[in-house]
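A quick write-up on the structure given underneath.
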Amino acid sequence: MPASSTARRGPGSIVEFLKLIGPLTDPVSFGGDAADSFDVVVPSLPGFGFSQKPAETGWTVPRIANAWVELMRRLGYPRWAAQGGDWGAVVTTALGAMQPEGLLGIHLNTQYAFPAQIPDTLSPEQCHAVETLARYTGELGGSNHLQGTKPETVGIALADSPAGQAAWIYEKFQAKTDNHGLAEDVLSVDDMLDAISLYWFTNSAASSTRIYWENASATFAGPKLTLPVAVTVFPKDIPLLPRSWIEDTYSNLIHYGEAGKGGHFAALEQPEILVSEIRAGLRALRS
């Protein structure tokens, strides 16, 4: 069964998924079951890395989602699933709302399931979710605000300085991984340099920031989904949603997994856990 996994910024890219491709396409070579094999399609968001830089405005999340549907059609897949985190999860959620022909279900390691109106009375888990969202939009939200309001200004500055580009991305790895004080606790220097270099050598710092401007009204209150949804929650992700809100938003929740470790960059940080969760989460769709 093919799975389309959307690369995302924050500062994600197709580089994050390299360690997933082998185990998902050839599970036997990695100690898994042949029945869990996938064809894997990893499209890069418009303006990111090796993708072309859009020459016009209008590349909103729904437009990207429609492009992914057309991509899977042209590749000849009549039945497929989608997976994503961060912006990839926004696009995957949009696919879930669209329910295009052939889409069997989705897996999310970032869930957009906050209530449109936060209740006055909250459980401890819900209160923690609100606190992590406040930290995400407040203390950690400077880059999002810049990219959502002045993407070209910050993009040109990043494109002019490799040290600036490296610091911009490293800070995200530092702030949003399950580390003990340093990003290097959980990510290798080589992996981080690969992620940074992709933006630098393709000169995509400016073009990749535009997704924030194009979708400035996006929130963590996603649409209610009725198609099969599998989710994996990583304990140091931010914001961190409670199971109650996830179940309220995804009425056909076919899998709920809680990883023992890991943060926002799950594919890069904990590839083995994410592979296992994708297999488990989408297994029911094979029949």
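In the structure tokens, chains take the letters A, B, ... in the order shown, each chain's residues start at 1, and ligands count up from 1 in the order shown.
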
Considering only C-alpha atoms, give me a table of residues in stretch 15-70 of chain A that are at most 10 Å from stretch 174-196 of chain A, with the closest atom pair and distance in Å for each, as a Markdown table.
```
| residue | atom | partner | partner_atom | distance |
| --- | --- | --- | --- | --- |
| A:Val15 | CA | A:Ala195 | CA | 6.0 |
| A:Glu16 | CA | A:Ala195 | CA | 7.5 |
| A:Gly49 | CA | A:Ala195 | CA | 9.6 |
```

Test item: residues at most 12 Å from A:Arg73, only C-alpha atoms, excluding those fewer than 2 positions along its chain, as a ChimeraX atom specification | /A:2,4,66-71,75-80,100-103

Could you write those residues out with all heavy atoms, as a CSV table (one decimal), in the first residue's frame?
```csv
chain,number,residue,atom,x,y,z
A,2,PRO,N,0.6,2.2,-0.9
A,2,PRO,CA,1.4,3.4,-0.9
A,2,PRO,C,1.1,4.3,0.2
A,2,PRO,O,-0.1,4.4,0.6
A,2,PRO,CB,1.1,4.0,-2.3
A,2,PRO,CG,-0.3,3.5,-2.6
A,2,PRO,CD,-0.3,2.1,-2.0
A,4,SER,N,1.8,8.4,1.2
A,4,SER,CA,2.3,9.7,0.9
A,4,SER,C,2.6,10.5,2.2
A,4,SER,O,1.8,10.7,3.0
A,4,SER,CB,1.3,10.5,0.1
A,4,SER,OG,1.8,11.8,-0.1
A,66,ASN,N,-4.6,19.5,-3.0
A,66,ASN,CA,-5.1,19.1,-4.3
A,66,ASN,C,-4.0,18.6,-5.2
A,66,ASN,O,-4.1,17.7,-6.0
A,66,ASN,CB,-5.9,20.2,-5.0
A,66,ASN,CG,-7.3,20.3,-4.5
A,66,ASN,OD1,-8.1,19.3,-4.6
A,66,ASN,ND2,-7.7,21.4,-3.9
A,67,ALA,N,-2.8,19.3,-5.1
A,67,ALA,CA,-1.6,18.9,-5.9
A,67,ALA,C,-1.2,17.5,-5.5
A,67,ALA,O,-0.8,16.7,-6.4
A,67,ALA,CB,-0.5,19.9,-5.7
A,68,TRP,N,-1.3,17.1,-4.2
A,68,TRP,CA,-0.9,15.8,-3.8
A,68,TRP,C,-1.9,14.8,-4.3
A,68,TRP,O,-1.5,13.6,-4.7
A,68,TRP,CB,-0.9,15.7,-2.2
A,68,TRP,CG,0.3,16.3,-1.5
A,68,TRP,CD1,0.5,16.2,-0.2
A,68,TRP,CD2,1.4,17.1,-2.0
A,68,TRP,NE1,1.7,16.8,0.2
A,68,TRP,CE2,2.2,17.4,-1.0
A,68,TRP,CE3,1.7,17.6,-3.3
A,68,TRP,CZ2,3.4,18.2,-1.1
A,68,TRP,CZ3,2.9,18.3,-3.5
A,68,TRP,CH2,3.7,18.6,-2.4
A,69,VAL,N,-3.1,15.1,-4.4
A,69,VAL,CA,-4.1,14.2,-5.0
A,69,VAL,C,-3.8,13.9,-6.4
A,69,VAL,O,-3.8,12.8,-6.9
A,69,VAL,CB,-5.6,14.7,-4.8
A,69,VAL,CG1,-6.6,13.8,-5.6
A,69,VAL,CG2,-5.9,14.8,-3.4
A,70,GLU,N,-3.5,15.0,-7.1
A,70,GLU,CA,-3.1,14.8,-8.6
A,70,GLU,C,-1.8,14.1,-8.7
A,70,GLU,O,-1.7,13.2,-9.6
A,70,GLU,CB,-3.0,16.2,-9.2
A,70,GLU,CG,-2.6,16.2,-10.7
A,70,GLU,CD,-3.6,15.5,-11.6
A,70,GLU,OE1,-4.8,15.3,-11.1
A,70,GLU,OE2,-3.3,15.3,-12.7
A,71,LEU,N,-0.9,14.3,-7.8
A,71,LEU,CA,0.4,13.6,-7.8
A,71,LEU,C,0.2,12.1,-7.7
A,71,LEU,O,0.7,11.3,-8.5
A,71,LEU,CB,1.3,14.0,-6.7
A,71,LEU,CG,2.6,13.2,-6.5
A,71,LEU,CD1,3.5,13.4,-7.6
A,71,LEU,CD2,3.3,13.7,-5.2
A,75,LEU,N,0.9,9.1,-10.5
A,75,LEU,CA,1.8,8.0,-10.2
A,75,LEU,C,1.1,6.7,-10.3
A,75,LEU,O,1.7,5.6,-10.3
A,75,LEU,CB,2.3,8.2,-8.8
A,75,LEU,CG,3.3,9.4,-8.6
A,75,LEU,CD1,3.7,9.5,-7.1
A,75,LEU,CD2,4.6,9.2,-9.5
A,76,GLY,N,-0.2,6.7,-10.5
A,76,GLY,CA,-1.0,5.5,-10.7
A,76,GLY,C,-1.4,4.7,-9.5
A,76,GLY,O,-1.7,3.5,-9.6
A,77,TYR,N,-1.6,5.4,-8.4
A,77,TYR,CA,-2.0,4.7,-7.2
A,77,TYR,C,-3.5,4.9,-6.9
A,77,TYR,O,-4.0,6.0,-6.6
A,77,TYR,CB,-1.3,5.3,-5.9
A,77,TYR,CG,0.2,4.9,-5.9
A,77,TYR,CD1,1.2,5.8,-6.1
A,77,TYR,CD2,0.6,3.5,-5.7
A,77,TYR,CE1,2.5,5.5,-6.0
A,77,TYR,CE2,1.9,3.2,-5.7
A,77,TYR,CZ,2.9,4.1,-5.9
A,77,TYR,OH,4.2,3.8,-5.8
A,78,PRO,N,-4.3,3.9,-7.1
A,78,PRO,CA,-5.8,4.1,-6.9
A,78,PRO,C,-6.2,4.1,-5.4
A,78,PRO,O,-7.3,4.6,-5.1
A,78,PRO,CB,-6.4,2.8,-7.6
A,78,PRO,CG,-5.3,1.8,-7.5
A,78,PRO,CD,-4.0,2.5,-7.6
A,79,ARG,N,-5.3,3.6,-4.6
A,79,ARG,CA,-5.6,3.5,-3.1
A,79,ARG,C,-4.3,3.9,-2.4
A,79,ARG,O,-3.3,3.3,-2.6
A,79,ARG,CB,-6.1,2.1,-2.7
A,79,ARG,CG,-7.3,1.6,-3.4
A,79,ARG,CD,-7.6,0.1,-3.2
A,79,ARG,NE,-8.0,-0.2,-1.9
A,79,ARG,CZ,-7.3,-0.9,-1.0
A,79,ARG,NH1,-6.1,-1.3,-1.4
A,79,ARG,NH2,-7.8,-1.2,0.2
A,80,TRP,N,-4.5,4.8,-1.4
A,80,TRP,CA,-3.3,5.3,-0.7
A,80,TRP,C,-3.6,5.9,0.6
A,80,TRP,O,-4.8,6.2,0.9
A,80,TRP,CB,-2.5,6.3,-1.6
A,80,TRP,CG,-3.3,7.4,-2.2
A,80,TRP,CD1,-4.2,7.4,-3.2
A,80,TRP,CD2,-3.4,8.8,-1.7
A,80,TRP,NE1,-4.7,8.6,-3.5
A,80,TRP,CE2,-4.3,9.5,-2.5
A,80,TRP,CE3,-2.8,9.5,-0.7
A,80,TRP,CZ2,-4.6,10.8,-2.4
A,80,TRP,CZ3,-3.1,10.8,-0.5
A,80,TRP,CH2,-4.0,11.5,-1.3
A,100,PRO,N,-10.6,12.7,-0.8
A,100,PRO,CA,-10.5,12.5,-2.3
A,100,PRO,C,-10.6,11.0,-2.6
A,100,PRO,O,-10.3,10.1,-1.7
A,100,PRO,CB,-9.2,13.0,-2.7
A,100,PRO,CG,-8.3,12.9,-1.5
A,100,PRO,CD,-9.3,13.2,-0.3
A,101,GLU,N,-11.1,10.7,-3.7
A,101,GLU,CA,-11.2,9.3,-4.2
A,101,GLU,C,-9.8,8.6,-4.0
A,101,GLU,O,-8.8,9.1,-4.5
A,101,GLU,CB,-11.7,9.2,-5.6
A,101,GLU,CG,-11.9,7.8,-6.1
A,101,GLU,CD,-12.4,7.7,-7.5
A,101,GLU,OE1,-12.6,8.8,-8.1
A,101,GLU,OE2,-12.6,6.6,-8.0
A,102,GLY,N,-9.7,7.5,-3.4
A,102,GLY,CA,-8.5,6.7,-3.3
A,102,GLY,C,-7.8,6.8,-1.9
A,102,GLY,O,-7.0,6.0,-1.5
A,103,LEU,N,-8.1,7.9,-1.2
A,103,LEU,CA,-7.5,8.1,0.1
A,103,LEU,C,-8.2,7.2,1.2
A,103,LEU,O,-9.4,7.4,1.5
A,103,LEU,CB,-7.6,9.6,0.6
A,103,LEU,CG,-7.0,9.9,1.9
A,103,LEU,CD1,-5.5,9.6,2.0
A,103,LEU,CD2,-7.2,11.4,2.3
```

Using only C-alpha atoms, pick whichever of A:Asn144, A:Thr232, A:Ser44, A:Ser217 has the shortest atom-to-atom distance to A:Leu108.
->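 For A:Leu108, the nearest of the given residues is A:Thr232.
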
With stretch 243-246 of chain A as the partner and 12 Å as the cut-off, tabulate the residues of stretch 121-149 of chain A that qualify, each row holding the nearest pair of atoms and their distance in Å to one decimal, using only C-alpha atoms, sorted by chain and rising number, as CSV.
```
residue,atom,partner,partner_atom,distance
A:Leu122,CA,A:Ser244,CA,10.9
A:Ser123,CA,A:Ser244,CA,9.6
A:Pro124,CA,A:Ser244,CA,11.4
A:Glu125,CA,A:Arg243,CA,8.5
A:Gln126,CA,A:Trp245,CA,8.1
A:Cys127,CA,A:Trp245,CA,11.7
A:Ala129,CA,A:Trp245,CA,9.8
A:Val130,CA,A:Trp245,CA,11.6
```

Interatomic distance, atom CA of A:Ala206 to atom CA of A:Ala82 (Å, one decimal) =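 That distance, rounded to one decimal, is 26.9 Å.
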
What's the 12 Å shell around A:Leu285, counting only C-alpha atoms, without same-chain residues fewer than 2 positions away, as a ChimeraX atom specification?
-> /A:1-3,36,79-82,102-107,227-230,254-255,278-283,287

Expected file: the selected residues, C-alpha atoms, as a PDB file, in the first residue's frame:
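Heads up, here's the output in selection-v7.pdb:
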```
ATOM      1  CA  MET A   1       0.000   0.000   0.000  1.00  0.00           C
ATOM      2  CA  PRO A   2       1.439   3.391  -0.898  1.00  0.00           C
ATOM      3  CA  ALA A   3       1.818   6.062   1.740  1.00  0.00           C
ATOM      4  CA  ASP A  36       3.823  -4.199   6.403  1.00  0.00           C
ATOM      5  CA  ARG A  79      -5.617   3.514  -3.124  1.00  0.00           C
ATOM      6  CA  TRP A  80      -3.265   5.296  -0.739  1.00  0.00           C
ATOM      7  CA  ALA A  81      -2.793   6.713   2.744  1.00  0.00           C
ATOM      8  CA  ALA A  82      -1.173   9.971   3.847  1.00  0.00           C
ATOM      9  CA  GLY A 102      -8.511   6.710  -3.266  1.00  0.00           C
ATOM     10  CA  LEU A 103      -7.499   8.115   0.133  1.00  0.00           C
ATOM     11  CA  LEU A 104      -8.031   5.304   2.634  1.00  0.00           C
ATOM     12  CA  GLY A 105      -6.986   7.146   5.775  1.00  0.00           C
ATOM     13  CA  ILE A 106      -4.257   9.223   7.387  1.00  0.00           C
ATOM     14  CA  HIS A 107      -1.641   9.112  10.135  1.00  0.00           C
ATOM     15  CA  LEU A 227     -12.350   9.116   7.578  1.00  0.00           C
ATOM     16  CA  PRO A 228      -9.998   6.660   9.367  1.00  0.00           C
ATOM     17  CA  VAL A 229      -7.372   8.563  11.366  1.00  0.00           C
ATOM     18  CA  ALA A 230      -4.363   7.149  13.218  1.00  0.00           C
ATOM     19  CA  ILE A 254      -8.436   3.700  14.347  1.00  0.00           C
ATOM     20  CA  HIS A 255      -5.185   3.986  16.293  1.00  0.00           C
ATOM     21  CA  ILE A 278       2.908   4.141  10.915  1.00  0.00           C
ATOM     22  CA  ARG A 279       2.819   0.373  10.428  1.00  0.00           C
ATOM     23  CA  ALA A 280       0.473  -0.147  13.382  1.00  0.00           C
ATOM     24  CA  GLY A 281      -1.676   2.849  12.593  1.00  0.00           C
ATOM     25  CA  LEU A 282      -2.311   2.054   8.939  1.00  0.00           C
ATOM     26  CA  ARG A 283      -2.380  -1.744   9.201  1.00  0.00           C
ATOM     27  CA  SER A 287      -8.046  -5.018   4.255  1.00  0.00           C
TER      28      SER A 287
END
```

In stretch 51-281 of chain A, DSSP strand (DSSP E) residues written as a VMD selection string = chain A and resid 80 to 84 103 to 108 229 to 233 253 to 258

With C-alpha atoms retained, could you export that selection as a PDB file, in the first residue's frame?
```pdb
ATOM      1  CA  TRP A  80      -3.265   5.296  -0.739  1.00  0.00           C
ATOM      2  CA  ALA A  81      -2.793   6.713   2.744  1.00  0.00           C
ATOM      3  CA  ALA A  82      -1.173   9.971   3.847  1.00  0.00           C
ATOM      4  CA  GLN A  83       1.063  10.830   6.796  1.00  0.00           C
ATOM      5  CA  GLY A  84       2.426  14.083   8.150  1.00  0.00           C
ATOM      6  CA  LEU A 103      -7.499   8.115   0.133  1.00  0.00           C
ATOM      7  CA  LEU A 104      -8.031   5.304   2.634  1.00  0.00           C
ATOM      8  CA  GLY A 105      -6.986   7.146   5.775  1.00  0.00           C
ATOM      9  CA  ILE A 106      -4.257   9.223   7.387  1.00  0.00           C
ATOM     10  CA  HIS A 107      -1.641   9.112  10.135  1.00  0.00           C
ATOM     11  CA  LEU A 108      -0.699  12.253  12.064  1.00  0.00           C
ATOM     12  CA  VAL A 229      -7.372   8.563  11.366  1.00  0.00           C
ATOM     13  CA  ALA A 230      -4.363   7.149  13.218  1.00  0.00           C
ATOM     14  CA  VAL A 231      -2.325   9.342  15.536  1.00  0.00           C
ATOM     15  CA  THR A 232       0.896   9.104  17.484  1.00  0.00           C
ATOM     16  CA  VAL A 233       1.590  11.540  20.307  1.00  0.00           C
ATOM     17  CA  LEU A 253      -9.889   7.090  15.313  1.00  0.00           C
ATOM     18  CA  ILE A 254      -8.436   3.700  14.347  1.00  0.00           C
ATOM     19  CA  HIS A 255      -5.185   3.986  16.293  1.00  0.00           C
ATOM     20  CA  TYR A 256      -3.932   6.072  19.198  1.00  0.00           C
ATOM     21  CA  GLY A 257      -0.282   5.652  20.117  1.00  0.00           C
ATOM     22  CA  GLU A 258       1.762   7.327  22.839  1.00  0.00           C
TER      23      GLU A 258
END
```

Show which residues sit within 9 Å of A:Phe265, as a PyMOL selection string. Count only C-alpha atoms, and ignore same-chain residues fewer than 6 positions away.
-> chain A and resi 10-12+16+85-86+173+176-177+237

With C-alpha atoms retained, write the just-selected residues as a PDB file, in the first residue's frame.
```
ATOM      1  CA  GLY A  10       9.666  23.927  11.267  1.00  0.00           C
ATOM      2  CA  PRO A  11      12.386  23.447   9.850  1.00  0.00           C
ATOM      3  CA  GLY A  12      11.401  20.160   8.247  1.00  0.00           C
ATOM      4  CA  GLU A  16      13.819  14.004   7.796  1.00  0.00           C
ATOM      5  CA  GLY A  85       3.607  16.272  10.982  1.00  0.00           C
ATOM      6  CA  ASP A  86       3.797  20.071  11.349  1.00  0.00           C
ATOM      7  CA  PHE A 173      15.913  21.547  16.889  1.00  0.00           C
ATOM      8  CA  LYS A 176      11.390  21.219  20.088  1.00  0.00           C
ATOM      9  CA  THR A 177      13.225  17.926  20.544  1.00  0.00           C
ATOM     10  CA  ASP A 237       5.931  17.653  21.090  1.00  0.00           C
TER      11      ASP A 237
END
```

Neighbours of A:Thr132 within 10 Å (only C-alpha atoms; same-chain residues fewer than 3 positions away dropped), as an MDAnalysis selection string?
-> chainID A and resid 126:129 135:138 236:241

Leaving out A:Pro271 and any residue of its chain fewer than 5 positions from it, which residues lie within 8 Å of it when counting only C-alpha atoms, given as a PDB file with all heavy atoms, in the first residue's frame?
```pdb
ATOM      1  N   LYS A  19      15.507   8.124   6.811  1.00  0.00           N
ATOM      2  CA  LYS A  19      15.679   6.914   7.623  1.00  0.00           C
ATOM      3  C   LYS A  19      14.407   6.077   7.718  1.00  0.00           C
ATOM      4  O   LYS A  19      14.435   4.958   8.232  1.00  0.00           O
ATOM      5  CB  LYS A  19      16.156   7.293   9.024  1.00  0.00           C
ATOM      6  CG  LYS A  19      17.558   7.901   9.039  1.00  0.00           C
ATOM      7  CD  LYS A  19      17.997   8.273  10.440  1.00  0.00           C
ATOM      8  CE  LYS A  19      19.378   8.917  10.415  1.00  0.00           C
ATOM      9  NZ  LYS A  19      19.842   9.306  11.782  1.00  0.00           N
ATOM     10  N   LEU A  20      13.288   6.605   7.211  1.00  0.00           N
ATOM     11  CA  LEU A  20      12.038   5.858   7.236  1.00  0.00           C
ATOM     12  C   LEU A  20      11.822   5.042   5.968  1.00  0.00           C
ATOM     13  O   LEU A  20      11.103   4.041   5.979  1.00  0.00           O
ATOM     14  CB  LEU A  20      10.848   6.811   7.411  1.00  0.00           C
ATOM     15  CG  LEU A  20      10.465   7.240   8.824  1.00  0.00           C
ATOM     16  CD1 LEU A  20      11.578   8.016   9.497  1.00  0.00           C
ATOM     17  CD2 LEU A  20       9.178   8.061   8.804  1.00  0.00           C
ATOM     18  N   ALA A 266       9.683  14.080  14.852  1.00  0.00           N
ATOM     19  CA  ALA A 266       9.642  12.651  15.144  1.00  0.00           C
ATOM     20  C   ALA A 266      10.402  11.814  14.123  1.00  0.00           C
ATOM     21  O   ALA A 266      11.124  10.881  14.478  1.00  0.00           O
ATOM     22  CB  ALA A 266       8.191  12.187  15.223  1.00  0.00           C
TER      23      ALA A 266
END
```

Filtered DSSP result for stretch 8-77 of chain A, state alpha helix (DSSP H), as a ChimeraX atom specification | /A:18-25,61-74

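Computed from the coordinates, the atom CA of A:Trp213 to atom CA of A:Pro151 distance equals 6.7 Å.
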